[in-house]
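Structure file entry-v1.cif with mmCIF, C-alpha atoms and all ligand atoms:
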```
data_protein
loop_
_atom_site.label_atom_id
_atom_site.label_comp_id
_atom_site.auth_asym_id
_atom_site.auth_seq_id
_atom_site.Cartn_x
_atom_site.Cartn_y
_atom_site.Cartn_z
CA MET K 1 -34.21 -5.18 -3.24
CA SER K 2 -35.71 -5.58 0.22
CA LEU K 3 -36.41 -2.55 2.36
CA ILE K 4 -33.63 -3.50 4.78
CA ALA K 5 -31.09 -3.91 1.96
CA ALA K 6 -32.19 -0.61 0.43
CA SER K 7 -31.79 1.31 3.67
CA ARG K 8 -28.42 -0.37 4.32
CA ASN K 9 -27.30 0.78 0.87
CA ARG K 10 -28.50 4.31 1.57
CA LEU K 11 -26.51 4.34 4.81
CA ARG K 12 -23.35 3.06 3.08
CA HIS K 13 -23.82 5.63 0.34
CA TYR K 14 -24.18 8.41 2.92
CA LEU K 15 -21.13 7.30 4.95
CA LEU K 16 -18.95 6.99 1.87
CA LYS K 17 -20.11 10.36 0.57
CA ARG K 18 -19.23 11.95 3.90
CA GLU K 19 -15.69 10.49 3.79
CA GLN K 20 -15.27 11.56 0.17
CA LEU K 21 -16.32 15.12 0.91
CA ALA K 22 -13.96 15.34 3.88
CA ASP K 23 -10.90 14.29 1.86
CA PRO K 24 -10.47 15.19 -1.85
CA ARG K 25 -8.19 12.14 -2.29
CA LEU K 26 -11.31 10.00 -1.88
CA GLY K 27 -13.31 11.86 -4.52
CA VAL K 28 -15.06 9.67 -7.09
CA TRP K 29 -13.74 9.55 -10.64
CA LYS K 30 -16.33 10.31 -13.31
CA ALA K 31 -15.81 6.89 -14.92
CA ALA K 32 -16.41 5.21 -11.54
CA LYS K 33 -19.66 7.08 -11.04
CA ASN K 34 -21.00 5.69 -14.31
CA ALA K 35 -19.68 2.15 -13.84
CA SER K 36 -20.69 1.52 -10.22
CA ASP K 37 -23.51 -0.79 -9.25
CA GLN K 38 -25.91 1.45 -7.34
CA ALA K 39 -27.38 -1.58 -5.60
CA SER K 40 -24.14 -2.87 -4.12
CA TYR K 41 -21.43 -1.56 -1.84
CA LEU K 42 -19.95 -4.97 -1.06
CA ARG K 43 -16.67 -3.98 -2.69
CA VAL K 44 -15.37 -0.43 -2.92
CA CYS K 45 -12.27 1.01 -4.55
CA ASN K 46 -10.84 3.74 -2.35
CA ILE K 47 -8.74 5.07 -5.25
CA CYS K 48 -11.41 5.79 -7.88
CA GLY K 49 -14.58 5.37 -5.80
CA TRP K 50 -16.06 2.50 -7.83
CA HIS K 51 -18.41 0.19 -5.89
CA GLY K 52 -20.12 -3.05 -6.79
CA ALA K 53 -20.59 -6.70 -5.98
CA GLU K 54 -17.09 -8.05 -6.69
CA PHE K 55 -13.63 -7.08 -7.82
CA LEU K 56 -12.15 -8.85 -10.85
CA GLY K 57 -10.00 -11.90 -10.16
CA HIS K 58 -9.20 -13.64 -6.92
CA ALA K 59 -8.33 -12.28 -3.48
CA HIS K 60 -4.60 -11.55 -3.57
CA SER K 61 -2.39 -8.50 -3.11
CA GLU K 62 -1.75 -8.70 -6.87
CA GLY K 63 -5.40 -9.45 -7.67
CA ALA K 64 -8.91 -8.21 -6.88
CA ASN K 65 -8.69 -5.65 -9.68
CA CYS K 66 -10.92 -2.60 -9.71
CA PRO K 67 -12.87 -2.67 -13.00
CA VAL K 68 -12.50 1.08 -13.46
CA CYS K 69 -9.03 2.29 -12.40
CA GLY K 70 -7.33 -1.12 -12.62
CA SER K 71 -5.98 -0.96 -9.07
CA ILE K 72 -4.97 -4.23 -7.51
CA ALA K 73 -5.43 -4.82 -3.80
CA ARG K 74 -1.97 -3.65 -2.78
CA ASP K 75 -2.43 -0.36 -4.68
CA ARG K 76 -5.56 0.25 -2.62
CA PHE K 77 -3.88 -0.70 0.67
CA LEU K 78 -1.03 1.74 0.10
CA TYR K 79 -3.50 4.49 -0.82
CA TRP K 80 -5.60 3.54 2.21
CA CYS K 81 -2.67 3.87 4.62
CA TRP K 82 -1.68 7.23 3.12
CA THR K 83 -5.17 8.70 3.30
CA LYS K 84 -5.78 7.32 6.79
CA LEU K 85 -2.52 8.48 8.36
CA VAL K 86 -1.41 11.60 6.52
CA PRO K 87 -3.92 14.47 6.61
CA TYR K 88 -4.73 15.99 3.24
CA SER K 89 -2.97 19.10 2.02
CA SER K 90 -2.90 20.29 -1.59
CA THR K 91 0.67 21.52 -1.08
CA GLN K 92 1.93 18.13 0.11
CA ARG K 93 5.05 17.08 -1.83
CA VAL K 94 4.55 13.43 -2.75
CA LEU K 95 6.98 11.13 -4.53
CA GLU K 96 5.73 7.74 -5.66
CA THR K 97 8.33 5.21 -6.77
CA SER K 98 7.28 3.04 -9.70
CA PRO K 99 3.50 3.43 -9.47
CA ARG K 100 1.84 0.77 -11.58
CA LEU K 101 -1.40 2.63 -12.35
CA ASP K 102 -1.81 4.47 -15.65
CA LYS K 103 -1.84 8.15 -16.56
CA ARG K 104 -5.40 8.69 -15.31
CA TYR K 105 -4.16 7.93 -11.78
CA ARG K 106 -1.04 10.03 -12.21
CA SER K 107 -2.92 13.06 -13.52
CA ARG K 108 -5.44 12.65 -10.71
CA MET K 109 -2.60 12.61 -8.16
CA SER K 110 -1.06 15.68 -9.80
CA SER K 111 -4.35 17.53 -9.42
CA LEU K 112 -4.56 16.60 -5.73
CA VAL K 113 -1.02 17.16 -4.46
CA ASN K 114 2.44 18.23 -5.59
CA TYR K 115 3.13 14.83 -7.17
CA VAL K 116 6.11 13.22 -8.85
CA ALA K 117 6.32 9.62 -10.03
CA SER K 118 9.77 8.10 -10.40
CA ASP K 119 11.43 4.94 -11.63
CA TYR K 120 14.96 3.58 -11.68
CA ASP K 121 15.37 2.58 -15.29
CA GLU K 122 11.85 2.81 -16.72
CA SER K 123 12.13 -0.79 -17.94
CA ALA K 124 9.00 -1.92 -16.13
CA HIS K 125 7.13 1.29 -15.42
CA ARG K 126 7.05 4.56 -17.31
CA ALA K 127 7.62 7.37 -14.88
CA THR K 128 8.12 11.11 -14.85
CA VAL K 129 11.67 11.16 -13.47
CA ARG K 130 14.39 8.56 -13.02
CA LEU K 131 15.61 8.04 -9.48
CA ASP K 132 17.94 5.54 -7.86
CA LEU K 133 16.81 5.04 -4.27
CA GLN K 134 20.45 4.56 -3.23
CA ASP K 135 21.46 7.96 -4.60
CA LEU K 136 18.46 10.28 -4.77
CA ASP K 137 18.98 13.38 -6.86
CA LEU K 138 16.78 15.43 -4.55
CA PRO K 139 17.55 18.13 -1.97
CA ASP K 140 17.43 17.38 1.77
CA SER K 141 13.96 17.60 3.36
CA SER K 142 12.30 18.21 -0.02
CA LEU K 143 9.40 15.74 0.32
CA ASP K 144 6.49 15.30 2.70
CA VAL K 145 5.47 11.80 1.64
CA VAL K 146 7.10 8.94 -0.22
CA LEU K 147 4.85 6.16 -1.42
CA THR K 148 7.02 3.21 -2.34
CA PRO K 149 5.23 0.05 -3.46
CA HIS K 150 7.33 -3.09 -3.96
CA VAL K 151 10.61 -1.39 -4.83
CA LEU K 152 13.03 -1.76 -1.90
CA GLU K 153 13.40 -5.52 -2.44
CA HIS K 154 14.94 -4.69 -5.85
CA VAL K 155 17.59 -2.36 -4.39
CA PRO K 156 20.98 -3.96 -3.56
CA ASP K 157 21.96 -1.72 -0.62
CA THR K 158 18.99 -1.38 1.75
CA GLY K 159 20.87 0.78 4.27
CA LYS K 160 21.93 3.27 1.60
CA ALA K 161 18.37 3.54 0.27
CA LEU K 162 16.91 4.08 3.75
CA HIS K 163 19.55 6.69 4.53
CA GLU K 164 18.63 8.54 1.33
CA LEU K 165 14.89 8.32 2.03
CA PHE K 166 15.48 9.73 5.51
CA ARG K 167 17.54 12.57 4.07
CA VAL K 168 15.00 13.71 1.45
CA VAL K 169 11.92 13.55 3.69
CA ALA K 170 11.17 16.69 5.70
CA PRO K 171 10.92 16.41 9.50
CA GLY K 172 7.46 15.10 10.32
CA GLY K 173 7.22 13.57 6.83
CA SER K 174 6.33 9.96 6.05
CA VAL K 175 7.59 7.08 3.99
CA MET K 176 4.87 4.52 3.30
CA LEU K 177 7.03 1.51 2.60
CA MET K 178 5.36 -1.51 1.04
CA ILE K 179 7.45 -4.56 0.26
CA PRO K 180 6.60 -8.24 -0.09
CA MET K 181 7.14 -10.09 3.19
CA PRO K 182 7.75 -13.68 2.07
CA GLN K 183 9.39 -14.93 5.27
CA GLY K 184 10.03 -14.11 8.92
CA VAL K 185 13.69 -13.07 8.75
CA THR K 186 15.40 -10.98 6.07
CA ALA K 187 17.75 -12.84 3.71
CA PRO K 188 18.83 -12.71 0.08
CA PRO K 189 17.00 -15.13 -2.23
CA VAL K 190 18.50 -18.62 -2.26
CA THR K 191 18.14 -18.84 -6.02
CA VAL K 192 17.95 -16.04 -8.56
CA GLU K 193 14.53 -14.47 -8.25
CA TYR K 194 12.67 -12.07 -10.50
CA HIS K 195 9.31 -10.49 -10.00
CA GLY K 196 6.60 -10.48 -12.66
CA ASP K 197 8.05 -7.38 -14.25
CA ASN K 198 11.47 -9.07 -14.74
CA THR K 199 13.15 -7.07 -12.00
CA LEU K 200 15.82 -8.86 -9.98
CA VAL K 201 15.09 -9.38 -6.27
CA TYR K 202 18.00 -8.68 -3.91
CA TRP K 203 16.22 -9.11 -0.59
CA ARG K 204 13.40 -11.20 0.85
CA PHE K 205 12.37 -9.11 3.83
CA GLY K 206 11.09 -10.24 7.23
CA TRP K 207 10.05 -8.50 10.45
CA ASP K 208 13.65 -7.58 11.33
CA LEU K 209 13.44 -4.91 8.61
CA ARG K 210 12.18 -2.76 11.49
CA ASP K 211 15.74 -2.64 12.92
CA GLN K 212 17.09 -1.26 9.66
CA LEU K 213 14.30 1.34 9.42
CA GLU K 214 14.91 2.49 12.98
CA ALA K 215 18.68 2.53 12.46
CA ALA K 216 18.08 4.96 9.57
CA GLY K 217 16.38 7.30 12.07
CA PHE K 218 12.70 6.66 11.41
CA THR K 219 9.95 6.18 13.97
CA VAL K 220 8.30 3.02 12.70
CA THR K 221 4.77 1.62 12.78
CA CYS K 222 3.97 -1.67 11.09
CA LEU K 223 0.47 -1.48 9.59
CA VAL K 224 -1.61 -4.61 9.02
CA THR K 225 -5.27 -5.62 9.11
CA GLN K 226 -7.06 -6.39 12.36
CA GLU K 227 -7.70 -9.88 10.97
CA LEU K 228 -3.97 -10.65 10.99
CA ILE K 229 -3.46 -9.38 14.54
CA ASP K 230 -6.46 -11.39 15.78
CA ARG K 231 -5.23 -14.65 14.39
CA LEU K 232 -1.67 -14.06 15.60
CA ASN K 233 -3.14 -13.54 19.05
CA ARG K 234 -4.94 -16.88 18.61
CA LYS K 235 -1.60 -18.37 17.45
CA GLU K 236 -3.13 -19.40 14.14
CA VAL K 237 -0.07 -19.23 11.93
CA ASP K 238 -1.15 -21.81 9.38
CA THR K 239 -4.29 -21.42 7.28
CA GLY K 240 -2.83 -23.71 4.64
CA TRP K 241 -1.68 -20.90 2.34
CA THR K 242 -0.02 -22.69 -0.54
CA GLY K 243 1.07 -19.69 -2.59
CA THR K 244 4.78 -19.70 -3.39
CA ASP K 245 4.96 -15.96 -2.67
CA VAL K 246 4.80 -16.29 1.13
CA ASP K 247 5.97 -18.97 3.55
CA GLU K 248 3.00 -18.41 5.83
CA VAL K 249 4.18 -20.44 8.81
CA ASP K 250 7.70 -19.01 8.74
CA LEU K 251 6.44 -15.42 8.35
CA LEU K 252 3.77 -15.61 11.01
CA SER K 253 5.63 -17.69 13.57
CA HIS K 254 8.21 -14.87 13.69
CA ALA K 255 5.54 -12.17 14.08
CA ASP K 256 4.84 -10.40 17.36
CA PRO K 257 1.25 -9.08 17.31
CA GLY K 258 2.16 -6.60 20.04
CA THR K 259 4.36 -4.73 17.54
CA LEU K 260 1.67 -4.48 14.84
CA THR K 261 -0.94 -1.76 14.35
CA ALA K 262 -4.35 -2.37 12.78
CA ILE K 263 -5.17 0.07 10.00
CA ALA K 264 -8.29 -1.71 8.66
CA ASP K 265 -10.95 -3.69 10.53
CA GLU K 266 -12.41 -6.93 9.22
CA ARG K 267 -15.26 -5.25 7.36
CA GLU K 268 -12.96 -2.71 5.73
CA ALA K 269 -10.49 -5.42 4.69
CA ARG K 270 -13.32 -7.31 2.99
CA ARG K 271 -14.86 -4.25 1.38
CA TYR K 272 -11.62 -2.85 -0.05
CA GLY K 273 -10.09 -6.25 -0.83
CA PHE K 274 -7.23 -6.38 1.70
CA GLN K 275 -7.24 -10.17 1.75
CA PRO K 276 -5.61 -12.60 2.40
CA ASP K 277 -4.36 -10.85 5.55
CA LEU K 278 -0.72 -12.04 5.25
CA HIS K 279 -0.26 -9.98 2.05
CA PHE K 280 -1.04 -6.61 3.62
CA ILE K 281 1.87 -5.22 5.59
CA ILE K 282 3.11 -1.63 5.27
CA TRP K 283 5.86 0.05 7.22
CA HIS K 284 4.96 3.63 8.10
CA CYS K 285 8.27 5.42 8.67
CA VAL K 286 8.11 8.93 10.09
CA LYS K 287 11.08 11.26 10.27
CA PRO K 288 10.93 12.81 13.74
CA SER K 289 10.24 16.56 13.81
ZN ZN K 301 -10.71 1.89 -8.74
#
```
Starting from the file, lay out its structure as structure tokens.
Ligand SMILES: [Zn+2]
Amino acid sequence: MSLIAASRNRLRHYLLKREQLADPRLGVWKAAKNASDQASYLRVCNICGWHGAEFLGHAHSEGANCPVCGSIARDRFLYWCWTKLVPYSSTQRVLETSPRLDKRYRSRMSSLVNYVASDYDESAHRATVRLDLQDLDLPDSSLDVVLTPHVLEHVPDTGKALHELFRVVAPGGSVMLMIPMPQGVTAPPVTVEYHGDNTLVYWRFGWDLRDQLEAAGFTVTCLVTQELIDRLNRKEVDTGWTGTDVDEVDLLSHADPGTLTAIADEREARRYGFQPDLHFIIWHCVKPS
């Protein structure tokens, strides 16, 4: 390794260490310590702390797997938004709906915060408690944070679910809502659609989801990468994305960059695997105090 590369690595190591010490949620798992490539910080997993030259698999919200904790890119983006926007507290009451990571992640979360993982019917994910988002068996204002990755699109009555989420979150609390955004305007699927885990899709959401979130009472911020905002400002809505998961031109031609907030710069998006940009959209919904 050249001297320049070595000192760059030392700097990255120091900066990461500083972040990890400041927030226990960013602490490095033992397995990640042993498996990391000490010579490379090109890719970093913000969940387990692994670092190395490349994630496993291609760049995609459902890809770029961490070789240690198994996180895919969207797992890391959700965790990123939570750790960036909600200050750490060990007494924080956190509900995560249908987390896809295994028991190592869940026991880690339980050691960090007051954590509960839930699922609707446990057909696709094994969870600690069963919860129907449309009828939450939880007291009012009993949670500080809800992390909900790719669940709302599988719920028939969006309004009911949002009303329930608003009810159970304490004033000042947050819902980090991640859903696929396949198109610009919300509509039901034209043909019957299932996701990889055989769960029926009721809604294909677009940017107008904001109206429903606000109608439920939330103050809403739409979090994306700086890369996405930059190209929307340049009116580049077509990079030739051919994936069937997102109609890129339809989604982006309906987007207003002025309503989006950058949560990761270009370097961070590359390092943590938040690419391609059109896959990384999270709605941060805060219940006013
Ligand atoms: Zn990891």
Handout entry: Residues near stretch 226-231 of chain K, cut-off 6 Å, only C-alpha atoms, skip fewer than 2 positions along chain, as JSON, numbers by chain
Key = {"K": [233, 234, 236, 257, 262, 265, 266, 277]}
Practice task
Within 10 Å of K:Val116, counting only C-alpha atoms, which residues show up once you throw out same-chain ones fewer than 2 positions away? Write them as a ChimeraX atom specification, please.
Solution key: /K:93-97,106,109-110,113-114,118,127-129,146
Practice task
Taking only C-alpha atoms and all ligand atoms into account, report as an NGL selection string which residues have an atom no farther than 6 Å from an atom of ligand ZN 301 (chain K).
Solution key: :K and (45 or 47-50 or 66 or 68-71)
List every protein, DNA or RNA residue with an atom no more than 10 Å from (0.5, -23.9, 7.3) in the file's coordinates, counting only C-alpha atoms, and format the result as an mmCIF file with C-alpha atoms, in the frame of the given file.
```cif
data_model
loop_
_atom_site.group_PDB
_atom_site.id
_atom_site.type_symbol
_atom_site.label_atom_id
_atom_site.label_comp_id
_atom_site.auth_asym_id
_atom_site.auth_seq_id
_atom_site.Cartn_x
_atom_site.Cartn_y
_atom_site.Cartn_z
ATOM 1 C CA GLU K 236 -3.130 -19.400 14.140
ATOM 2 C CA VAL K 237 -0.070 -19.230 11.930
ATOM 3 C CA ASP K 238 -1.150 -21.810 9.380
ATOM 4 C CA THR K 239 -4.290 -21.420 7.280
ATOM 5 C CA GLY K 240 -2.830 -23.710 4.640
ATOM 6 C CA TRP K 241 -1.680 -20.900 2.340
ATOM 7 C CA THR K 242 -0.020 -22.690 -0.540
ATOM 8 C CA ASP K 247 5.970 -18.970 3.550
ATOM 9 C CA GLU K 248 3.000 -18.410 5.830
ATOM 10 C CA VAL K 249 4.180 -20.440 8.810
ATOM 11 C CA ASP K 250 7.700 -19.010 8.740
ATOM 12 C CA LEU K 252 3.770 -15.610 11.010
#
```
Completion exercise
Across K:Ser174, K:Asn34, K:Thr259, K:Asn198, the smallest distance to K:Arg210, with all atoms listed in the file counted, is shown by K:Thr259
Problem - Nearest candidate to K:Tyr272 (options K:Val44, K:Leu260, K:Cys81, K:Leu147; using all atoms listed in the file) - result: K:Val44
Practice task
Give as JSON, numbers by chain each residue that has an atom at most 8 Å from (11.3, 0.9, 1.5) in the file, counting only C-alpha atoms.
Solution key: {"K": [148, 149, 150, 151, 152, 153, 161, 162, 175, 176, 177, 178, 179, 283]}
Problem - Atomic separation - atom CA of K:Pro189 relative to atom CA of K:Asp157, Å - result: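 Going from atom CA of K:Asp157 over to atom CA of K:Pro189, I get 14.4 Å.
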Handout entry: Point-to-point distance from atom CA of K:Ser89 to atom CA of K:Leu223, Å rounded to tenths
Key =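 Value for the atom CA of K:Ser89-atom CA of K:Leu223 distance: 22.2 Å.
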Exercise for the section: Give me, please, the distance in Å between atom CA of K:Arg108 and atom CA of K:Phe55, quoted to one decimal. Expected result: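 Spanning atom CA of K:Arg108 to atom CA of K:Phe55 is a straight-line distance of 21.6 Å.
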Handout entry: Distance criterion (all atoms listed in the file): nearest to K:Pro156 out of K:Gly63, K:Pro188, K:Gly172, K:Gly243
Key = K:Pro188
With all atoms listed in the file as the counted atoms, please give the residues lying no more than 7 Å from K:Cys222, apart from itself and same-chain residues fewer than 2 positions off, as a PDB file with C-alpha atoms, in the coordinates of the input.
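The resulting around_23.pdb:
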```pdb
ATOM      1  CA  VAL K 220       8.300   3.020  12.700  1.00  0.00           C
ATOM      2  CA  VAL K 224      -1.610  -4.610   9.020  1.00  0.00           C
ATOM      3  CA  LEU K 260       1.670  -4.480  14.840  1.00  0.00           C
ATOM      4  CA  THR K 261      -0.940  -1.760  14.350  1.00  0.00           C
ATOM      5  CA  ILE K 281       1.870  -5.220   5.590  1.00  0.00           C
ATOM      6  CA  ILE K 282       3.110  -1.630   5.270  1.00  0.00           C
ATOM      7  CA  TRP K 283       5.860   0.050   7.220  1.00  0.00           C
ATOM      8  CA  HIS K 284       4.960   3.630   8.100  1.00  0.00           C
TER       9      HIS K 284
END
```
